[in-house]
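Q: Starting off with a structure, shown below.
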Amino acid sequence: MDRAAQFAKESQWLSHSDLTPDVVSNVAPLLNKALTRWTSSPARGFDVAADRKPDSRRLKDAEGINLRLYMLDEIYYRWQERHTTAELLHADCMLATDDTEETARAVLKRLADVTRRPDPDARVWQRMLLAVSRTNDQRRHTRIWNDTSKYFEARDEDLPKEVRSLEPKAASPRAGRSRRSGAQIDDGTLPSPITDETSQLARIIEQFGIAAPSALELGGVGLRPIDCTKRADSSLDFAGVLAGKWVNNRETFQSLLAMLKRFQERSPNGRARFLVIDPDSDAYQRLVQIRAGEVSPNSVNKLRELQLKFPCLEVRGIDHLPAFRVLVIDDDIVTVAPYDLENQSAQASRLGWEAPHMLLDPLATFPLAPAFRIYFDGEWNRAHQLYPKPRTF
């Protein structure tokens with residue numbers, strides 16, 4: 001990162017358009033190596049230490065302690081600045097060499113952490129706006145534009161010219177259907193009349209990243225199991241009851257097989273993880289009671305068998321009734337639906353098909369998406385692997 005900072009000082013680099021192919025080929029490998037090692041700011045934690053104030057009544061060398069804390073403060077800001085410069089230069093290398101939506105979303109994901117810092121670097125906003133303008137995501141573009149405007153307004157500064165040029169087009173004042181998901185989408189306005197309470201609630205929802213395509217039924221978010229298998233590029237994590245929706249329908253099962261083949265071709269990067277109730281557990285017997293015997297372990301057994309053919313697939317079992325249905329696709333899409341199996345809400349929701357599902361935006365200011373990734377990983381780590389059942393002859 002020192003070399004990235006030195007390049008930034010010595011060159012006329014202001015944006016991705018200033019980077020020639022030769023510069024990118026020389027700088028990008030160094031940045032990749034550095035940022036792979038430092039996945040977040042290497043100064044994290046130093047700011048807390050630097051803010052500590054010694055108690056002069058208890059410390060004989062309070063002046064010396066103050067000096068050391070000042071040095072920690074200097075270390076923090078120096079490393080934070082270098083790390084930010086490396087992230088911005090890396091983003092510009094990506095934006096200069098690839099204008100696809102996939103790369104733009106990767107840039108947004110990397111720079112989101114920079115925008116959430118207490119005093120983010122002003123240069124990050126132009127990169128965020130440029131990246132989001134390549135995604136055709138009008139709602140996110142508007143949100144990032146609003147955050148950018150607030151940043152410069154708080155400093156009583158005019159928007160830089162390169163930022164103003166990326167202002168989103170005004171959204172048409174209507175609500176419609178999402179062509180991709182079929183779900184009702186928000187036009188960016190609230191129902192009238194707008195009260196302080198509804199305005200505050202809408203702001204909280206936006207801050208948490210509960211996206212507009214969230215719906216009152218699974219199909220409404222456009223992420224039925226068959227949609228997921230077609231959409232997933234290299235990874236899919238699922239936590240649920242018995243995963244029947246993934247294997248009991250012939251067309252969906254064939255699409256699942258095609259997805260696993262894609263993942264296998266991407267080995268060792270391809271990965272599918274299914275977390276379900278262990279059919280040999282007390283939790284499964286409780287599920288049988290709740291559903292009056294209308295339960296079968298066949299879907300879990302099918303997934304168990306698939307592990308023999310597809311090493312990219314791993315199936316694990318839990319010994320308790322799950323609290324949430326969680327789905328993560330390519331570490332980008334996160335959906336969540338609560339379970340209330342003991343109160344038989346699953347039957348009322350037609351076994352989950354008509355249950356509310358939240359689509360969570362990982363790039364929100366205070367995103368819920370990472371919390372449910374952590375929830376999934378915690379459940380996964382406590383679960384045990386479900387191997388294929390021995391064949392009986």
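Letters A, B, ... mark the chains of the structure tokens in the order given; residue numbers begin at 1 per chain; ligand numbers begin at 1, in order shown.
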Could you name the residues that touch Trp246 in chain A at 7 Å or less, counting only C-alpha atoms, but leaving out those on the same chain fewer than 6 positions away, as an MDAnalysis selection string?
A: chainID A and resid 225 252:253
Q: Please produce an output containing all heavy atoms for each residue in the selection, written as a PDB file, in the first residue's frame.
A:
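The resulting file, out-v2.pdb, is reproduced below:
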ATOM      1  N   PRO A 225     -36.705 -21.315  -5.768  1.00  0.00           N
ATOM      2  CA  PRO A 225     -35.521 -22.176  -5.941  1.00  0.00           C
ATOM      3  C   PRO A 225     -35.060 -22.296  -7.389  1.00  0.00           C
ATOM      4  O   PRO A 225     -33.854 -22.248  -7.665  1.00  0.00           O
ATOM      5  CB  PRO A 225     -35.982 -23.514  -5.365  1.00  0.00           C
ATOM      6  CG  PRO A 225     -36.916 -23.120  -4.268  1.00  0.00           C
ATOM      7  CD  PRO A 225     -37.659 -21.920  -4.813  1.00  0.00           C
ATOM      8  N   THR A 252     -37.152 -28.000 -11.283  1.00  0.00           N
ATOM      9  CA  THR A 252     -36.243 -27.340 -10.339  1.00  0.00           C
ATOM     10  C   THR A 252     -35.041 -28.220 -10.039  1.00  0.00           C
ATOM     11  O   THR A 252     -33.903 -27.731  -9.959  1.00  0.00           O
ATOM     12  CB  THR A 252     -36.979 -27.006  -9.023  1.00  0.00           C
ATOM     13  OG1 THR A 252     -38.115 -26.188  -9.321  1.00  0.00           O
ATOM     14  CG2 THR A 252     -36.063 -26.272  -8.058  1.00  0.00           C
ATOM     15  N   PHE A 253     -35.293 -29.529  -9.902  1.00  0.00           N
ATOM     16  CA  PHE A 253     -34.194 -30.450  -9.603  1.00  0.00           C
ATOM     17  C   PHE A 253     -33.187 -30.487 -10.750  1.00  0.00           C
ATOM     18  O   PHE A 253     -31.973 -30.487 -10.532  1.00  0.00           O
ATOM     19  CB  PHE A 253     -34.744 -31.850  -9.338  1.00  0.00           C
ATOM     20  CG  PHE A 253     -33.691 -32.855  -8.953  1.00  0.00           C
ATOM     21  CD1 PHE A 253     -32.980 -32.715  -7.768  1.00  0.00           C
ATOM     22  CD2 PHE A 253     -33.412 -33.936  -9.776  1.00  0.00           C
ATOM     23  CE1 PHE A 253     -32.007 -33.635  -7.408  1.00  0.00           C
ATOM     24  CE2 PHE A 253     -32.438 -34.860  -9.426  1.00  0.00           C
ATOM     25  CZ  PHE A 253     -31.737 -34.714  -8.241  1.00  0.00           C
TER      26      PHE A 253
END
Q: Taking the DSSP secondary structure from the backbone, can you list the residues of range 109-312 of chain A that are strand (DSSP E or B), as a list in words?
A: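 Going through range 109-312 of chain A, the strand (DSSP E or B) residues come out as Arg177, Gln184, Ile210, Ala215, Ser235, Leu236, Asp237, Phe238, Ala239, Arg271, Ala272, Arg273, Phe274, Leu275, Val276 and Ile277 of chain A.
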Q: For Asp98 in chain A, which residue among A:Arg134, A:Arg373, A:His357, A:Lys261 is the nearest when counting only C-alpha atoms?
A: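 Of A:Arg134, A:Arg373, A:His357, A:Lys261, the one nearest Asp98 in chain A is A:Arg134, counting only C-alpha atoms.
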Q: Considering only C-alpha atoms, state which residue in the set A:Asp319, A:Asp99, A:Glu157, A:Asp237 is at the smallest distance from Tyr284 in chain A.
A: A:Asp319
Q: How many Å lie between CA of Leu257 in chain A and CA of Val241 in chain A, rounded to one decimal?
A: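 Computing the Euclidean distance for CA of Leu257 in chain A and CA of Val241 in chain A yields 20.3 Å.
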Q: Which of these, A:Asp147, A:Leu321, A:Glu379, A:Phe152, has the shortest distance to Arg286 in chain A once you count only C-alpha atoms?
A: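 When distances to Arg286 in chain A are compared using only C-alpha atoms, the smallest one comes from A:Leu321.
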Q: Between CA of Pro168 in chain A and CA of Ala202 in chain A, measure the distance and give it in Å to one decimal.
A: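 Computing the Euclidean distance for CA of Pro168 in chain A and CA of Ala202 in chain A yields 20.6 Å.
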Q: For a quick check of understanding, using only C-alpha atoms, which of A:Ala86, A:Val334, A:Leu30, A:Met128 has the smallest distance to Arg140 in chain A?
A: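 Once distances to Arg140 in chain A are computed over only C-alpha atoms, the minimum belongs to A:Met128.
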